[in-house]
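Peer 1: Just input-v4.csv, nothing more (CSV, N, CA and C atoms):
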chain,number,residue,atom,x,y,z
A,1,MET,N,193.5,89.1,-85.9
A,1,MET,CA,194.2,87.9,-85.4
A,1,MET,C,193.1,86.9,-84.8
A,2,THR,N,193.3,85.7,-85.1
A,2,THR,CA,192.4,84.7,-84.6
A,2,THR,C,193.1,84.0,-83.4
A,3,LEU,N,192.5,83.9,-82.3
A,3,LEU,CA,193.0,83.3,-81.1
A,3,LEU,C,192.1,82.1,-80.7
A,4,ASN,N,192.7,81.0,-80.6
A,4,ASN,CA,191.9,79.8,-80.2
A,4,ASN,C,191.9,79.7,-78.6
A,5,LYS,N,190.8,80.0,-78.1
A,5,LYS,CA,190.6,80.1,-76.6
A,5,LYS,C,190.9,78.8,-76.0
A,6,GLU,N,190.5,77.7,-76.6
A,6,GLU,CA,190.7,76.4,-76.0
A,6,GLU,C,192.2,76.0,-76.0
A,7,GLU,N,192.9,76.5,-77.0
A,7,GLU,CA,194.3,76.2,-77.1
A,7,GLU,C,195.0,77.0,-75.9
A,8,LEU,N,194.6,78.2,-75.7
A,8,LEU,CA,195.2,79.0,-74.6
A,8,LEU,C,194.9,78.3,-73.2
A,9,LEU,N,193.6,77.8,-73.1
A,9,LEU,CA,193.2,77.2,-71.8
A,9,LEU,C,194.0,75.9,-71.5
A,10,LYS,N,194.6,75.3,-72.5
A,10,LYS,CA,195.4,74.0,-72.3
A,10,LYS,C,196.6,74.3,-71.5
A,11,PHE,N,197.0,75.6,-71.4
A,11,PHE,CA,198.2,75.9,-70.6
A,11,PHE,C,197.9,76.1,-69.2
A,12,LYS,N,196.6,76.2,-68.8
A,12,LYS,CA,196.2,76.3,-67.4
A,12,LYS,C,196.5,75.0,-66.7
A,13,ILE,N,196.8,75.2,-65.4
A,13,ILE,CA,197.0,74.0,-64.5
A,13,ILE,C,195.7,74.0,-63.6
A,14,SER,N,195.2,72.8,-63.4
A,14,SER,CA,194.0,72.6,-62.7
A,14,SER,C,193.9,73.2,-61.3
A,15,SER,N,195.0,73.3,-60.6
A,15,SER,CA,195.0,73.9,-59.3
A,15,SER,C,196.0,75.1,-59.2
A,16,ASP,N,195.5,76.1,-58.6
A,16,ASP,CA,196.4,77.3,-58.4
A,16,ASP,C,197.3,77.0,-57.2
A,17,ASN,N,198.5,76.8,-57.5
A,17,ASN,CA,199.5,76.6,-56.4
A,17,ASN,C,200.8,77.2,-56.7
A,18,GLU,N,201.7,77.1,-55.8
A,18,GLU,CA,203.0,77.7,-55.9
A,18,GLU,C,204.0,76.7,-56.5
A,19,LEU,N,203.6,75.6,-57.0
A,19,LEU,CA,204.5,74.7,-57.7
A,19,LEU,C,205.1,75.3,-58.9
A,20,PRO,N,206.3,75.0,-59.3
A,20,PRO,CA,206.9,75.6,-60.5
A,20,PRO,C,206.0,75.2,-61.8
A,21,TYR,N,205.8,76.1,-62.6
A,21,TYR,CA,205.1,75.9,-63.9
A,21,TYR,C,206.1,75.2,-64.9
A,22,THR,N,205.7,74.0,-65.3
A,22,THR,CA,206.6,73.2,-66.1
A,22,THR,C,206.5,73.4,-67.6
A,23,LYS,N,205.5,74.1,-68.1
A,23,LYS,CA,205.3,74.2,-69.5
A,23,LYS,C,205.6,75.7,-70.0
A,24,ILE,N,206.5,76.3,-69.3
A,24,ILE,CA,206.8,77.7,-69.6
A,24,ILE,C,207.3,78.0,-71.0
A,25,ASN,N,208.2,77.1,-71.5
A,25,ASN,CA,208.8,77.3,-72.8
A,25,ASN,C,207.6,77.3,-73.9
A,26,ASP,N,206.8,76.3,-73.8
A,26,ASP,CA,205.6,76.2,-74.7
A,26,ASP,C,204.7,77.4,-74.5
A,27,PHE,N,204.4,77.8,-73.3
A,27,PHE,CA,203.5,78.9,-73.1
A,27,PHE,C,204.1,80.2,-73.7
A,28,MET,N,205.4,80.4,-73.5
A,28,MET,CA,206.0,81.6,-74.0
A,28,MET,C,206.0,81.6,-75.5
A,29,ASP,N,206.2,80.4,-76.1
A,29,ASP,CA,206.1,80.3,-77.6
A,29,ASP,C,204.7,80.7,-78.1
A,30,TYR,N,203.7,80.2,-77.4
A,30,TYR,CA,202.4,80.6,-77.7
A,30,TYR,C,202.1,82.1,-77.6
A,31,ILE,N,202.6,82.7,-76.5
A,31,ILE,CA,202.5,84.1,-76.3
A,31,ILE,C,203.2,84.9,-77.5
A,32,TYR,N,204.4,84.5,-77.9
A,32,TYR,CA,205.1,85.2,-79.0
A,32,TYR,C,204.3,85.0,-80.3
A,33,GLN,N,203.9,83.8,-80.6
A,33,GLN,CA,203.2,83.5,-81.8
A,33,GLN,C,201.8,84.2,-81.9
A,34,ASN,N,201.3,84.6,-80.8
A,34,ASN,CA,200.0,85.3,-80.8
A,34,ASN,C,200.0,86.7,-80.4
A,35,ASP,N,201.2,87.3,-80.4
A,35,ASP,CA,201.4,88.7,-80.1
A,35,ASP,C,200.7,89.1,-78.8
A,36,LEU,N,200.9,88.3,-77.7
A,36,LEU,CA,200.3,88.6,-76.4
A,36,LEU,C,201.3,89.1,-75.4
A,37,TYR,N,202.3,89.8,-75.9
A,37,TYR,CA,203.5,90.2,-75.1
A,37,TYR,C,203.1,91.0,-73.9
A,38,GLU,N,202.1,91.9,-74.0
A,38,GLU,CA,201.8,92.8,-73.0
A,38,GLU,C,201.3,92.1,-71.7
A,39,TYR,N,200.9,90.8,-71.8
A,39,TYR,CA,200.5,90.1,-70.7
A,39,TYR,C,201.6,89.4,-69.9
A,40,THR,N,202.8,89.4,-70.5
A,40,THR,CA,203.9,88.8,-69.9
A,40,THR,C,205.1,89.8,-69.7
A,41,ASP,N,204.7,91.0,-69.5
A,41,ASP,CA,205.8,92.0,-69.3
A,41,ASP,C,206.7,91.7,-68.1
A,42,ASP,N,206.2,91.0,-67.1
A,42,ASP,CA,206.9,90.7,-65.9
A,42,ASP,C,207.7,89.4,-66.0
A,43,ILE,N,207.6,88.7,-67.1
A,43,ILE,CA,208.4,87.5,-67.4
A,43,ILE,C,209.6,87.9,-68.2
A,44,TYR,N,210.8,87.4,-67.7
A,44,TYR,CA,212.1,87.7,-68.4
A,44,TYR,C,212.8,86.4,-68.8
A,45,ASP,N,213.4,86.5,-69.9
A,45,ASP,CA,214.2,85.3,-70.3
A,45,ASP,C,215.6,85.5,-69.7
A,46,ASP,N,216.4,84.5,-69.9
A,46,ASP,CA,217.8,84.5,-69.3
A,46,ASP,C,218.6,85.8,-69.8
A,47,ASN,N,218.5,86.2,-71.0
A,47,ASN,CA,219.2,87.3,-71.5
A,47,ASN,C,218.7,88.6,-70.9
A,48,GLY,N,217.4,88.8,-70.7
A,48,GLY,CA,216.9,89.9,-70.1
A,48,GLY,C,217.3,90.1,-68.6
A,49,ILE,N,217.3,88.9,-68.0
A,49,ILE,CA,217.7,88.9,-66.5
A,49,ILE,C,219.1,89.3,-66.4
A,50,ARG,N,220.0,88.8,-67.3
A,50,ARG,CA,221.4,89.1,-67.3
A,50,ARG,C,221.6,90.6,-67.5
A,51,ASP,N,220.9,91.2,-68.4
A,51,ASP,CA,221.0,92.6,-68.7
A,51,ASP,C,220.6,93.4,-67.4
A,52,ILE,N,219.5,93.1,-66.8
A,52,ILE,CA,219.1,93.8,-65.6
A,52,ILE,C,220.1,93.6,-64.5
A,53,ILE,N,220.6,92.5,-64.3
A,53,ILE,CA,221.6,92.2,-63.2
A,53,ILE,C,222.9,93.1,-63.5
A,54,ARG,N,223.4,93.1,-64.8
A,54,ARG,CA,224.6,93.9,-65.1
A,54,ARG,C,224.3,95.3,-64.8
A,55,ASN,N,223.2,95.8,-65.2
A,55,ASN,CA,222.9,97.2,-65.0
A,55,ASN,C,222.7,97.5,-63.5
A,56,ASP,N,222.0,96.7,-62.7
A,56,ASP,CA,221.8,97.0,-61.3
A,56,ASP,C,223.0,96.8,-60.5
A,57,ILE,N,223.9,95.9,-60.8
A,57,ILE,CA,225.1,95.7,-60.0
A,57,ILE,C,226.0,96.9,-60.1
A,58,ASP,N,226.0,97.5,-61.3
A,58,ASP,CA,226.8,98.7,-61.4
A,58,ASP,C,226.2,99.9,-60.7
A,59,LYS,N,224.9,100.0,-60.6
A,59,LYS,CA,224.3,101.1,-60.0
A,59,LYS,C,224.1,100.9,-58.5
A,60,PHE,N,223.8,99.7,-58.0
A,60,PHE,CA,223.4,99.5,-56.6
A,60,PHE,C,224.3,98.5,-55.8
A,61,GLY,N,225.2,97.7,-56.5
A,61,GLY,CA,226.0,96.8,-55.8
A,61,GLY,C,225.5,95.4,-55.7
A,62,TRP,N,226.3,94.5,-55.2
A,62,TRP,CA,225.9,93.1,-55.1
A,62,TRP,C,224.8,92.8,-54.2
A,63,GLU,N,224.6,93.6,-53.1
A,63,GLU,CA,223.6,93.4,-52.1
A,63,GLU,C,222.2,93.5,-52.8
A,64,LYS,N,222.0,94.4,-53.7
A,64,LYS,CA,220.7,94.5,-54.4
A,64,LYS,C,220.5,93.3,-55.2
A,65,ILE,N,221.5,92.7,-55.9
A,65,ILE,CA,221.4,91.5,-56.7
A,65,ILE,C,221.0,90.3,-55.8
A,66,LYS,N,221.7,90.3,-54.6
A,66,LYS,CA,221.4,89.2,-53.7
A,66,LYS,C,219.9,89.1,-53.3
A,67,TYR,N,219.3,90.3,-53.0
A,67,TYR,CA,217.9,90.3,-52.7
A,67,TYR,C,217.0,90.1,-53.9
A,68,MET,N,217.5,90.6,-55.1
A,68,MET,CA,216.7,90.4,-56.3
A,68,MET,C,216.5,89.0,-56.7
A,69,LEU,N,217.5,88.1,-56.3
A,69,LEU,CA,217.5,86.7,-56.8
A,69,LEU,C,217.2,85.8,-55.6
A,70,GLU,N,217.0,86.3,-54.4
A,70,GLU,CA,216.8,85.5,-53.2
A,70,GLU,C,215.7,84.4,-53.3
A,71,ASP,N,214.6,84.7,-54.0
A,71,ASP,CA,213.5,83.8,-54.1
A,71,ASP,C,213.6,82.8,-55.3
A,72,VAL,N,214.7,82.8,-56.1
A,72,VAL,CA,214.9,81.9,-57.2
A,72,VAL,C,215.4,80.6,-56.6
A,73,LYS,N,214.5,79.6,-56.7
A,73,LYS,CA,214.9,78.3,-56.1
A,73,LYS,C,215.5,77.4,-57.2
A,74,ASP,N,215.0,77.4,-58.4
A,74,ASP,CA,215.5,76.6,-59.5
A,74,ASP,C,216.2,77.5,-60.5
A,75,THR,N,217.5,77.3,-60.6
A,75,THR,CA,218.3,78.2,-61.4
A,75,THR,C,218.5,77.6,-62.8
A,76,ASN,N,217.8,76.5,-63.1
A,76,ASN,CA,217.9,75.9,-64.4
A,76,ASN,C,216.8,76.4,-65.4
A,77,CYS,N,216.0,77.3,-64.9
A,77,CYS,CA,214.9,77.9,-65.7
A,77,CYS,C,215.4,79.0,-66.6
A,78,TYR,N,214.8,79.0,-67.8
A,78,TYR,CA,215.2,80.0,-68.8
A,78,TYR,C,214.4,81.3,-68.6
A,79,TYR,N,213.2,81.2,-67.9
A,79,TYR,CA,212.4,82.3,-67.6
A,79,TYR,C,212.2,82.5,-66.1
A,80,LEU,N,212.1,83.7,-65.7
A,80,LEU,CA,211.7,84.1,-64.3
A,80,LEU,C,210.7,85.2,-64.4
A,81,ILE,N,210.0,85.4,-63.3
A,81,ILE,CA,209.0,86.4,-63.2
A,81,ILE,C,209.5,87.4,-62.2
A,82,LYS,N,209.2,88.7,-62.5
A,82,LYS,CA,209.6,89.8,-61.6
A,82,LYS,C,208.4,90.2,-60.8
A,83,ASP,N,208.6,90.3,-59.4
A,83,ASP,CA,207.4,90.8,-58.6
A,83,ASP,C,207.4,92.3,-58.5
A,84,GLY,N,206.4,92.8,-57.8
A,84,GLY,CA,206.2,94.2,-57.7
A,84,GLY,C,207.3,95.0,-57.0
A,85,TYR,N,208.2,94.3,-56.4
A,85,TYR,CA,209.3,94.9,-55.7
A,85,TYR,C,210.6,94.9,-56.6
A,86,GLY,N,210.5,94.3,-57.8
A,86,GLY,CA,211.7,94.2,-58.6
A,86,GLY,C,212.5,93.0,-58.4
A,87,ASN,N,212.0,92.0,-57.6
A,87,ASN,CA,212.8,90.8,-57.3
A,87,ASN,C,212.3,89.7,-58.2
A,88,PHE,N,213.1,88.8,-58.6
A,88,PHE,CA,212.8,87.7,-59.4
A,88,PHE,C,212.4,86.4,-58.6
A,89,LYS,N,211.6,85.6,-59.2
A,89,LYS,CA,211.3,84.3,-58.6
A,89,LYS,C,210.9,83.3,-59.7
A,90,ASN,N,210.9,82.1,-59.4
A,90,ASN,CA,210.5,81.1,-60.4
A,90,ASN,C,209.0,81.2,-60.7
A,91,ILE,N,208.6,80.9,-61.9
A,91,ILE,CA,207.2,81.1,-62.3
A,91,ILE,C,206.4,79.9,-61.8
A,92,THR,N,205.3,80.2,-61.2
A,92,THR,CA,204.5,79.1,-60.6
A,92,THR,C,203.2,78.9,-61.4
A,93,ASN,N,202.5,77.9,-61.1
A,93,ASN,CA,201.2,77.6,-61.7
A,93,ASN,C,200.2,78.7,-61.5
A,94,ILE,N,200.2,79.3,-60.3
A,94,ILE,CA,199.3,80.4,-60.0
A,94,ILE,C,199.6,81.6,-60.9
A,95,ASP,N,200.9,81.9,-61.1
A,95,ASP,CA,201.3,83.0,-62.0
A,95,ASP,C,200.7,82.9,-63.4
A,96,ILE,N,200.9,81.7,-64.0
A,96,ILE,CA,200.5,81.4,-65.3
A,96,ILE,C,198.9,81.4,-65.4
A,97,ASN,N,198.3,80.8,-64.4
A,97,ASN,CA,196.8,80.8,-64.4
A,97,ASN,C,196.3,82.2,-64.3
A,98,ASN,N,196.9,83.1,-63.5
A,98,ASN,CA,196.5,84.5,-63.5
A,98,ASN,C,196.7,85.2,-64.8
A,99,ILE,N,197.8,85.0,-65.5
A,99,ILE,CA,198.0,85.6,-66.8
A,99,ILE,C,196.9,85.1,-67.8
A,100,ILE,N,196.7,83.8,-67.8
A,100,ILE,CA,195.7,83.3,-68.7
A,100,ILE,C,194.3,83.8,-68.4
A,101,ASP,N,193.9,83.9,-67.1
A,101,ASP,CA,192.6,84.5,-66.7
A,101,ASP,C,192.5,85.9,-67.2
A,102,THR,N,193.6,86.7,-67.1
A,102,THR,CA,193.6,88.1,-67.6
A,102,THR,C,193.4,88.2,-69.1
A,103,ILE,N,194.1,87.3,-69.8
A,103,ILE,CA,194.0,87.3,-71.3
A,103,ILE,C,192.6,87.0,-71.7
A,104,ILE,N,192.0,86.0,-71.1
A,104,ILE,CA,190.7,85.6,-71.4
A,104,ILE,C,189.7,86.7,-71.1
A,105,TYR,N,189.8,87.3,-69.9
A,105,TYR,CA,188.9,88.4,-69.5
A,105,TYR,C,189.0,89.5,-70.5
A,106,ASP,N,190.2,89.9,-70.9
A,106,ASP,CA,190.4,91.1,-71.8
A,106,ASP,C,189.8,90.7,-73.2
A,107,LEU,N,190.1,89.5,-73.6
A,107,LEU,CA,189.6,89.1,-75.0
A,107,LEU,C,188.1,89.0,-75.0
A,108,ASP,N,187.5,88.5,-73.9
A,108,ASP,CA,186.0,88.5,-73.8
A,108,ASP,C,185.4,89.9,-73.8
A,109,LYS,N,186.1,90.8,-73.1
A,109,LYS,CA,185.7,92.2,-72.9
A,109,LYS,C,185.7,92.9,-74.3
A,110,ASN,N,186.7,92.5,-75.1
A,110,ASN,CA,186.9,93.2,-76.4
A,110,ASN,C,186.7,92.3,-77.6
A,111,LYS,N,185.6,91.6,-77.5
A,111,LYS,CA,185.4,90.6,-78.6
A,111,LYS,C,185.3,91.3,-80.0
A,112,ASP,N,184.9,92.6,-80.0
A,112,ASP,CA,184.9,93.3,-81.3
A,112,ASP,C,186.2,93.9,-81.7
A,113,GLY,N,187.2,93.7,-80.9
A,113,GLY,CA,188.5,94.3,-81.1
A,113,GLY,C,189.3,93.6,-82.1
A,114,ASP,N,190.6,93.5,-81.9
A,114,ASP,CA,191.6,92.9,-82.8
A,114,ASP,C,191.5,91.4,-82.8
A,115,TYR,N,191.0,90.8,-81.8
A,115,TYR,CA,191.0,89.3,-81.6
A,115,TYR,C,189.7,88.7,-81.9
A,116,GLU,N,189.7,87.6,-82.5
A,116,GLU,CA,188.5,86.8,-82.8
A,116,GLU,C,188.8,85.4,-82.2
A,117,TYR,N,187.8,84.7,-81.8
A,117,TYR,CA,187.9,83.4,-81.3
A,117,TYR,C,187.6,82.4,-82.4
A,118,GLU,N,188.3,81.3,-82.3
A,118,GLU,CA,187.9,80.2,-83.2
A,118,GLU,C,187.0,79.3,-82.5
Turn the structure described in the file into structure tokens.

Peer 2:
Amino acid sequence: MTLNKEELLKFKISSDNELPYTKINDFMDYIYQNDLYEYTDDIYDDNGIRDIIRNDIDKFGWEKIKYMLEDVKDTNCYYLIKDGYGNFKNITNIDINNIIDTIIYDLDKNKDGDYEYE
């Protein structure tokens, strides 16, 4: 697979901050097109979030769901990210920048692997 590093870097935001990431749909399309799923395991689309909520509400009750969704500020987002505690929050610039940095690091580390740079 050929991955264009410059194309990936276009998704980075110049400052790491907690502002909502506004290009998430385009970023996730890029991830899917380039088979980089493993880097976004903590990002869930609306359908995945609904499945988790349905499952957890039956097992743990509504209080678990309340805490799980407490940090979601913008409910119009199609994607949310799950933190280490199993709670969801809106995806921020720093989240995406960290994912991109990890992808670049891994690809640089494995230049002789499955990925090649254009």

Peer 1: Which polymer residues, whether protein, DNA or RNA, lie within 12 Å of the coordinate (219.4, 95.3, -57.5) when you count only C-alpha atoms? List them as a list in words, using the chain letters and numbers from the file.

Peer 2: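 Here is the list of nearby residues: Ile49, Arg50, Asp51, Ile52, Ile53, Arg54, Asn55, Asp56, Ile57, Asp58, Lys59, Phe60, Gly61, Trp62, Glu63, Lys64, Ile65, Lys66, Tyr67, Met68, Leu69, Glu70, Lys82, Tyr85, Gly86, Asn87 and Phe88 of chain A.
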
Peer 1: Would you give me, as an NGL selection string, the residues in chain A that DSSP reads as alpha helix (DSSP H)?

Peer 2: :A and (5-9 or 24-33 or 46-60 or 62-68 or 93-109)

Peer 1: Please, which residues are within 8 Å of (209.6, 79.9, -60.8) by the file's coordinates, counting all atoms listed in the file, and could they come as number ranges by chain?

Peer 2: A: 18-21, 71-74, 77, 79-81, 88-93

Peer 1: Would you please extract all strand (DSSP E) residues from stretch 27-114 of chain A, as assigned by DSSP on the backbone, and give them as a list of chain:residue names?

Peer 2: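 Selecting the strand (DSSP E) positions of stretch 27-114 of chain A gives A:Ile43, A:Tyr44, A:Asp45, A:Tyr79, A:Leu80, A:Ile81, A:Lys82, A:Phe88, A:Lys89.
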
Peer 1: I'd like the neighbourhood of stretch 100-102 of chain A as a list in words, where a residue qualifies if any of its atoms comes within 12 Å (using only C-alpha atoms), though same-chain residues fewer than 3 positions away should be ignored.

Peer 2: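 Result of the neighbour search: Lys5, Glu6, Glu7, Leu8, Leu9, Lys10, Phe11, Lys12, Ile13, Asp16, Phe27, Met28, Tyr30, Ile31, Leu36, Glu38, Tyr39, Thr40, Asn93, Ile94, Asp95, Ile96, Asn97, Tyr105, Asp106, Leu107, Asp108 and Lys109 of chain A.
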
Peer 1: Could you check how far atom CA of A:Thr75 sits from atom CA of A:Gln33, in Å to one decimal?

Peer 2: 25.9 Å

Peer 1: Using Å and a single decimal, report how far atom N of A:Asn110 sits from atom CA of A:Asn25.

Peer 2: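 Computing the Euclidean distance for atom CA of A:Asn25 and atom N of A:Asn110 yields 26.9 Å.
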
Peer 1: Separation of atom C of A:Asp46 and atom CA of A:Asn17, in Å?

Peer 2: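 Atom C of A:Asp46 sits 25.1 Å away from atom CA of A:Asn17.
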
Peer 1: Here is a test: counting only N, CA and C atoms, which residue of A:Gly84, A:Tyr78, A:Ser14, A:Ile99 is nearest to A:Tyr44?

Peer 2: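 Answer, going by the shortest atom-to-atom distance: A:Tyr78.
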